[in-house]
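Q: Below is a structure I'd like to ask you about.
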Amino acid sequence: MDWVALLRQLIVGISSGMITFLGAAGVSLVVSGMSLMNFAQGAFMLLGAYVCYTITRVMGFWWALLIAPLVVAIVGGIVELLMRPLYKKNMLFQLILTMGIAFVMADGIQLIWGTLVKTVTAPVFISRTFSLLGTPFPTYYVLIIVIACLFAIGMWLVFEKTKLGMIFRAIISDREMVGSLGINVNKLYSIMFMVGVWMSGLAGVLIAPIIGISSQKSFGILFSIMTVIVIGGITSMRGVLYAALIVGVANALGSLYLPWFYTLIPGLLMVIVLILRPEGLFVRSED
Amino acid sequence: MNLKVEDLMTRIIIRNKPIGFLIAGVIIVAVLPLIIPSQWIQLFTQVLIMALFATGLNMEMGYAGMMPLGQATFLGLGAYSFGILIVKAHMSLAPAIVLALFICLIVNAIIGFLCLRGKPMTFGLLHMAFNILFTTIVAKWIPITGGDVGLSGIPRPHIFAGTVPFYYMVLGLVLICYLIISTIMNSPFGKIAQGLRENEERLIFLGINTKRYQLILFIISGFFAGVAGILLAMLNRGVFSSYVQIILSAQAMMMCLIGGAYSFWGPTLGAALIVIFSNTVSNYVFYWQGILGVIMIVTVLGFRGGILRKRSVKTNVPDVSVNKSPSGGTAG
Amino acid sequence: MILKTVGLSKDFGSLRAVNDVSLEIKEGTIRAVIGPNGAGKTTLFDLITNRTHPTSGKVYFQGKDITYLPPYKIVKLGIGKCFQISKLFPELTVFENIQIACISRARKVFNMYSPGNNAMRDEVLQIINSIGLTVLTDASAGYLSYGDQRRLEIGITLALQPTLLLLDEPTAGVSRAEGYEVMKLIKKLASERALTIVFIEHDMDIVFNYAEEITVMHQGTTIATGAPEAIKSNKQVQSCYLGETVC
Ligand SMILES: Nc1ncnc2c1ncn2[C@@H]1O[C@H](COP(=O)(O)OP(=O)(O)OP(=O)(O)O)[C@@H](O)[C@H]1O
Ligand SMILES: [Mg+2]
């Protein structure tokens with residue numbers, strides 16, 4: 001067995017898992033806080049990648065990393081305004097709305113950036129490799145892991161230590177209570193949705209240098225997000241993290257050992273989890 | 001409880017259905033091929049097939065209030081199993097149809113079982129996830145499904161091979177399916193569907209196994225999607241990846257919502273509008289998906305029950321708390 | 001014993017909502033469960049019907065362990081339950097609300113071929129008559145007054161022909177006169193059909209008028225069970241419940 005190849009795939013797997021986690025965490029946050037399933041998350045992630053492409057060409061990748069997620073968040077804020085009339089209506093309508101938004105965004109992206117596949121070139125020093133045990137490893141994948149970890153820690157700090165985080169936690173555990181505290185729930189929903197979408201924008205930027213970006217990929221991306229949140233348990237952020245890592249690594253190893261089959265691995269994992277633990281692998285089976 | 005008349009829960013209007021109107025409609029669609037140019041007949045056949053697809057979908061969506069977001073899975077399932085049996089396994093028509101429908105039932109049951117294992121929101125999510133998964137399988141499993149190119153060379157039954165005879169065959173089959181659907185939805189089983197839409201927990205506390213109920217409804221609804229898939233494969237003499245695309249699922253839901261999800265004929269009307277409109281539009285512009293997205297957003301935001309909505313709900317309830325005593329007296 | 005609970009407990013996080021409750025209810029009796037707000041009465045009912053899963057303890061119905069049965073099976077065994085907040089089909093008519101219950105009772109849920117609009121019409125109309133909503137047969141349930149919704153809720157439950165009826169505050173939010181009407185109706189139906197009834201109630205007049213036995217709950221525990229007279233004179237009950245001004 002080739003241990004070095006295995007190790008390399010492990011890094012690739014963890015980094016792609018971390019990217020999926022960013023996208024899925026946004027969905028999970030919005031679901032737990034607003035009971036809204038955002039099917040446009042894949043499209044937002046793609047938008048992040050495209051904005052990153054444009055900004056990288058003008059100002060460079062590091063600026064893109066900073067600005068692109070913000071741009072996506074602003075678009076998300078506008079989209080959230082559309083959803084407001086629907087919060088009190090049937091959930092089906094919300095789902096169809098986000099689906100419609102995903103369609104519009106996919107074609108909108110195509111209208112702006114064209115149909116050609118785009119590639120983002122990362123800054124020179126990170127597109128190099130570093131060597132470990134005498135074999136080259138791609139620096140960029142390690143960077144993804146670092147950034148995603150920083151992000152996860154940052155998010156945890158915001159959640160646990162700041163006032164906004166406190167309000168978020170409150171609204172997740174008891175929505176009526178927050179409304180009665182005199183906090184403007186509409187504004188809060190806007191912020192929450194934008195934070196969720198901002199995460200997918202960040203994920204989009206990080207994934208941009210390692211894939212060819214094409215406008216019709218959004219539902220594929222959405223699928224990986226969906227599998228991860230089903231496996232981890234929709235409203236469990238931690239479960240989603242573990243699930244994303246599992247799926248990422250399984251996928252990466254799968255492409256090494258089962259190349260003809262690996263596109264089905266996430267789906268298969270999802271089905272297995274559904275049969276065994278429909279509420280999610282990492283959710284304590286309480287009410 | 002803030003109930004508005006135009007809210008989603010408007011009652012179904014299948015009762016008092018205007019029989020005369022129905023007969024007139026059937027006569028019109030029956031003589032249609034005799035008066036319109038033949039290139040339109042193909043389009044109208046497609047309308048009929050999509051109408052069946054949407055009406056089947058509406059059993060879940062409009063009647064029972066479920067969220068079948070990825071119904072194209074089942075249309076594709078019918079079409080692909082039929083197509084593969086014919087093209088790859090070289091079966092003849094009749095056994096291929098029977099076997100394809102059988103496969104549909106089995107796979108429907110499996111997917112339905114999996115989708116129903118979570119909460120209502122998970123149901124919609126999984127329904128869509130399986131649709132995307134199925135799309136991926138179709139795209140990647142090229143030796144069997146033909147990938148993006150699809151499978152061609154699907155025959156029609158000999159006597160119905162021509163455009164006009166095929167139209168009549170589809171018309172006949174669709175009407176038979178409609179009869180079955182309307183019988184089911186007017187039966188006690190169908191009554192329960194409306195209860196499910198309004199309050200699932202109440203049904204559970206009436207002693208009804210709602211999961212099992214939903215599964216059965218799911219299978220029936222998916223079965224009609226499969227029938228529509230087989231017909232579509234015959235119509236286009238081939239099976240293509242567009243049959244399973246999520247955009248087709250979205251179109252089917254739009255057919256129901258625009259036409260009126262709470263009437264039996266709403267989805268049919270919606271199917272006619274959407275199929276004709278999409279054919280016209282895609283002749284001119286490239287962005288049908290985006291346009292459909294806009295339609296979805298506008299429809300959902302401005303939803304008032306669809307075109308064939310029920311117009312009057314009884315709001316003139318006699319003021320009960322006042323004239324209570326006479327009726328209460330008889331009871332006490 | 002038609003219903004028996006043994007050491008039933010339920011924790012919500014760190015809160016013990018129901019604590020070691022053991023009840024025994026004899027066939028054909030009317031039992032009231034009383035206690036201040038938040039005492040755990042509704043939760044107790046939820047545990048009996050497995051709407052929430054108990055942390056520990058057992059529930060027996062007619063000698064059969066039903067602790068882990070899914071709620072629909074428990075209902076099928078013959079336990080009918082009225083919720084504290086009416087759970088109806090708001091856009092369906094009174095007729096259809098009752099009809100759905102009758103369809104379920106007659107096990108016709110999966111009947112897909114016989115015409116459904118007038119299914120079981122006579123039985124449905126008779127139940128509507130017995131709950132006194134005949135004039136409102138074709139009104140949508142969501143438009144009914146609060147009191148009529150309570151009646152409909154009871155009607156739906158009765159349509160199941162249960163042997164044990166659990167009523168969570170059947171008269172809450174209803175005028176006192178109407179509350180008495182509702183209780184009179186329940187009592188009449190109970191004696192007609194030999195029903196066993198357990199009801200939660202805050203109105204002490206109603207409790208002492210209609211209950212044959214009373215269980216008092218406080219902070220999740222049952223502090224007393226007995227005949228109305230015994231409860232009235234029970235010191236502990238007086239101090240922690242009856243003594244307070246009851247709303
Ligand atoms: N799902 C839940 N999660 C957390 N706590 C709960 C839940 N349901 C009930 N509780 C708590 O359990 C306690 C008992 O509630 P319960 O509804 O059983 O009281 P009750 O006796 O029915 O009160 P009331 O007379 O107001 O109806 C309350 O403190 C309540 O806040
Ligand atoms: Mg209560």
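Following the order of the structure tokens, chains are lettered A, B, ..., residues in each are numbered from 1, and ligands are numbered from 1.
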What do you get as a list in words if you pick all residues at most 10 Å from ligand 2, counting only C-alpha atoms and all ligand atoms?
A: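 Result of the 10 Å neighbour search around ligand 2: Ile34, Gly35, Pro36, Asn37, Gly38, Ala39, Gly40, Lys41, Thr42, Thr43, Leu44, Phe45, Asp46, Phe83, Gln84, Ile85, Asp168, Glu169, Ile200, Glu201 and His202 of chain C.
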Q: Within 12 Å of Asn111 (chain C), counting only C-alpha atoms, which residues qualify if same-chain residues fewer than 4 places away don't, as a count of residues only?
A: 19
Q: Would you mind reading off the distance between CA of Gly78 (chain C) and atom 26 (O, counted along the ligand's line) of ligand 1, one decimal, in Å?
A: 26.2 Å
Q: What residues in chain C have any atom no more than 10 Å from chain A when counting only C-alpha atoms, and can you write them as a count of residues only?
A: 6
Q: As number ranges by chain, please: every residue in region 32-191 of chain C that a backbone DSSP assignment puts in alpha helix (DSSP H).
A: C: 41-48, 71-77, 94-105, 121-130, 146-159, 176-191
Q: Save out the residues we just selected, C-alpha atoms, as a compact mmCIF listing (two decimals), in the first residue's frame.
A:
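File produced: part.txt:
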```
# COMPACT_ATOMS: atom_id res chain seq x y z
CA LYS C 41 -50.44 17.35 33.87
CA THR C 42 -50.27 17.76 30.10
CA THR C 43 -46.91 16.06 30.06
CA LEU C 44 -48.42 13.14 31.97
CA PHE C 45 -51.07 12.75 29.27
CA ASP C 46 -48.39 12.98 26.61
CA LEU C 47 -46.50 10.19 28.31
CA ILE C 48 -49.56 7.97 28.50
CA PRO C 71 -49.23 6.85 19.40
CA TYR C 72 -51.46 5.71 16.56
CA LYS C 73 -51.44 2.18 17.91
CA ILE C 74 -52.27 3.40 21.38
CA VAL C 75 -55.23 5.28 19.97
CA LYS C 76 -56.34 2.20 18.08
CA LEU C 77 -56.34 0.22 21.31
CA VAL C 94 -67.23 20.13 10.86
CA PHE C 95 -68.69 17.25 8.90
CA GLU C 96 -65.36 16.34 7.36
CA ASN C 97 -63.55 16.64 10.66
CA ILE C 98 -65.81 14.05 12.22
CA GLN C 99 -65.90 12.01 9.05
CA ILE C 100 -62.15 11.53 9.04
CA ALA C 101 -62.32 10.23 12.58
CA CYS C 102 -65.12 7.85 11.61
CA ILE C 103 -63.18 6.58 8.62
CA SER C 104 -60.28 5.84 10.89
CA ARG C 105 -62.48 4.12 13.44
CA ARG C 121 -72.87 10.02 6.72
CA ASP C 122 -75.42 8.79 9.27
CA GLU C 123 -72.87 8.08 11.94
CA VAL C 124 -71.17 11.43 11.37
CA LEU C 125 -74.42 13.38 11.56
CA GLN C 126 -75.41 11.58 14.69
CA ILE C 127 -72.15 12.51 16.40
CA ILE C 128 -72.49 16.11 15.25
CA ASN C 129 -75.95 16.14 16.71
CA SER C 130 -74.78 14.72 19.99
CA TYR C 146 -63.46 28.68 20.73
CA GLY C 147 -66.13 26.80 22.62
CA ASP C 148 -67.43 25.11 19.51
CA GLN C 149 -63.93 24.07 18.61
CA ARG C 150 -63.69 22.39 22.00
CA ARG C 151 -66.94 20.58 21.29
CA LEU C 152 -65.69 19.50 17.90
CA GLU C 153 -62.47 18.28 19.45
CA ILE C 154 -64.50 16.15 21.83
CA GLY C 155 -66.70 14.97 18.98
CA ILE C 156 -63.71 13.88 16.94
CA THR C 157 -62.39 11.92 19.85
CA LEU C 158 -65.76 10.33 20.57
CA ALA C 159 -66.08 9.27 16.96
CA ARG C 176 -68.51 28.97 32.76
CA ALA C 177 -72.04 28.18 31.61
CA GLU C 178 -70.73 26.61 28.48
CA GLY C 179 -68.11 24.74 30.46
CA TYR C 180 -70.90 23.11 32.39
CA GLU C 181 -72.68 22.29 29.14
CA VAL C 182 -69.56 20.58 27.85
CA MET C 183 -69.09 18.62 31.06
CA LYS C 184 -72.73 17.62 31.11
CA LEU C 185 -72.33 16.37 27.58
CA ILE C 186 -69.24 14.39 28.50
CA LYS C 187 -70.88 12.88 31.53
CA LYS C 188 -73.94 11.88 29.56
CA LEU C 189 -71.88 10.26 26.83
CA ALA C 190 -69.72 8.57 29.40
CA SER C 191 -72.64 6.89 31.07
```
Q: Which residue gives the smallest distance to chain C among B:Phe205, B:Phe74, B:Phe218, B:Phe113, with only C-alpha atoms counted?
A: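 Selected residue with least distance to chain C: B:Phe205.
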Q: Could you give me, as a PyMOL selection string, the residues within 6 Å of Leu195 (chain C), counting only C-alpha atoms and dropping anything in the same chain fewer than 3 positions from it?
A: chain C and resi 28+163-164+190
Q: Residues of chain A within 7 Å of chain B, counting only C-alpha atoms - could you list those as a short mmCIF file (atom, residue, chain, number, x, y, z; two decimals) with N, CA and C atoms, in the first residue's frame?
A:
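Ended up saving to part_17.cif:
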```
data_model
loop_
_atom_site.label_atom_id
_atom_site.label_comp_id
_atom_site.auth_asym_id
_atom_site.auth_seq_id
_atom_site.Cartn_x
_atom_site.Cartn_y
_atom_site.Cartn_z
N LEU A 92 -43.71 24.64 2.00
CA LEU A 92 -43.51 24.28 0.60
C LEU A 92 -43.15 25.51 -0.23
N PHE A 93 -43.82 26.62 0.08
CA PHE A 93 -43.58 27.84 -0.70
C PHE A 93 -42.16 28.33 -0.52
N ILE A 96 -39.89 26.11 -2.57
CA ILE A 96 -39.98 26.40 -4.01
C ILE A 96 -39.30 27.73 -4.31
N LEU A 97 -39.46 28.69 -3.40
CA LEU A 97 -38.83 29.99 -3.63
C LEU A 97 -37.31 29.85 -3.71
N GLY A 100 -36.35 28.32 -6.89
CA GLY A 100 -36.44 29.28 -7.99
C GLY A 100 -35.25 30.22 -7.99
N ILE A 101 -34.85 30.65 -6.81
CA ILE A 101 -33.69 31.53 -6.72
C ILE A 101 -32.44 30.83 -7.23
N PHE A 103 -32.31 28.56 -9.52
CA PHE A 103 -32.38 28.56 -10.99
C PHE A 103 -31.98 29.91 -11.56
N VAL A 104 -32.56 30.97 -10.98
CA VAL A 104 -32.27 32.30 -11.48
C VAL A 104 -30.78 32.61 -11.35
N ASP A 107 -28.64 30.72 -14.00
CA ASP A 107 -28.68 31.34 -15.33
C ASP A 107 -28.13 32.75 -15.31
N PHE A 223 -26.01 19.02 -3.62
CA PHE A 223 -26.16 17.62 -3.22
C PHE A 223 -25.14 17.25 -2.15
N MET A 226 -26.33 18.62 1.01
CA MET A 226 -27.48 17.87 1.52
C MET A 226 -27.06 16.57 2.18
N GLY A 267 -23.91 9.56 -1.59
CA GLY A 267 -25.29 9.12 -1.64
C GLY A 267 -25.50 7.84 -0.87
N LEU A 274 -29.68 7.03 6.78
CA LEU A 274 -31.13 7.15 6.85
C LEU A 274 -31.76 5.89 7.39
N ILE A 275 -31.21 4.75 6.97
CA ILE A 275 -31.79 3.49 7.43
C ILE A 275 -31.51 3.29 8.91
N PRO A 278 -32.10 7.80 11.25
CA PRO A 278 -32.69 8.84 10.39
C PRO A 278 -32.52 10.24 10.95
N GLU A 279 -32.33 10.38 12.26
CA GLU A 279 -32.23 11.75 12.79
C GLU A 279 -30.81 12.29 12.66
#
```
Q: Have a look at A:Ala68, A:Ala49, A:Ser173, A:Arg238 and name the one nearest to ligand 1; count only C-alpha atoms and all ligand atoms.
A: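 Smallest distance to ligand 1 is found for A:Ser173.
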Q: Could you name the residues that touch Val198 (chain C) at 7 Å or less, counting only C-alpha atoms, but leaving out those on the same chain fewer than 6 positions away, as a list in words?
A: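 So the residues in contact are Ile30, Arg31, Ala32, Leu165, Leu166 and Leu167 of chain C.
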Q: Smallest atom-to-atom distance to chain C: which of B:Asn236, B:Ala72, B:Arg202, B:Met59, using only C-alpha atoms?
A: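 Distance minimum relative to chain C lands on B:Arg202.
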Q: Smallest atom-to-atom distance to chain B: which of C:Tyr68, C:Tyr60, C:Phe199, C:Phe89, using only C-alpha atoms?
A: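 That would be C:Phe89, the residue with the smallest distance to chain B.
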Q: Would you work out the distance separating CA of Ala96 (chain B) from CA of Val138 (chain B), expressed in Å to one decimal?
A: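 Those two atoms sit 19.2 Å apart.
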Q: Just checking: using only C-alpha atoms and all ligand atoms, which residue out of C:Ser14, C:Gln161, C:Gln62, C:Thr5 ends up closest to ligand 1?
A: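 The shortest atom-to-atom distance to ligand 1 comes from C:Ser14.
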Q: Please provide the set of residues having any atom within 9 Å of Gln214 (chain B), restricted to only C-alpha atoms, with same-chain residues fewer than 4 positions apart removed, written as a ChimeraX atom specification.
A: /B:60,64,66,112,116,193,196,209-210,218-219
Q: Kindly save the residues from that selection, with C-alpha atoms included, as a PDB file, in the first residue's frame.
A:
```
ATOM      1  CA  GLU B  60     -49.120  14.374  -2.861  1.00  0.00           C
ATOM      2  CA  ALA B  64     -51.944  15.813   1.028  1.00  0.00           C
ATOM      3  CA  MET B  66     -46.493  16.835   1.155  1.00  0.00           C
ATOM      4  CA  GLY B 112     -40.392   6.673  -0.363  1.00  0.00           C
ATOM      5  CA  LEU B 116     -40.249   9.427   5.019  1.00  0.00           C
ATOM      6  CA  ALA B 193     -55.196  13.128   2.407  1.00  0.00           C
ATOM      7  CA  LEU B 196     -52.902  15.065   6.411  1.00  0.00           C
ATOM      8  CA  ASN B 209     -50.391   5.346  10.737  1.00  0.00           C
ATOM      9  CA  THR B 210     -49.509   8.460   8.785  1.00  0.00           C
ATOM     10  CA  PHE B 218     -46.071   8.323  -2.485  1.00  0.00           C
ATOM     11  CA  ILE B 219     -45.968   5.049  -4.390  1.00  0.00           C
TER      12      ILE B 219
END
```
Q: Using only C-alpha atoms and all ligand atoms for the distances, tell me which of C:Ala17, C:His218, C:Val6, C:Val59 is nearest to ligand 1.
A: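 Answer, going by the shortest atom-to-atom distance: C:Ala17.
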Q: Quick one: distance from CA of Leu116 (chain A) to CA of Leu46 (chain A) in Å, one decimal?
A: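 Separation between CA of Leu116 (chain A) and CA of Leu46 (chain A): 14.1 Å.
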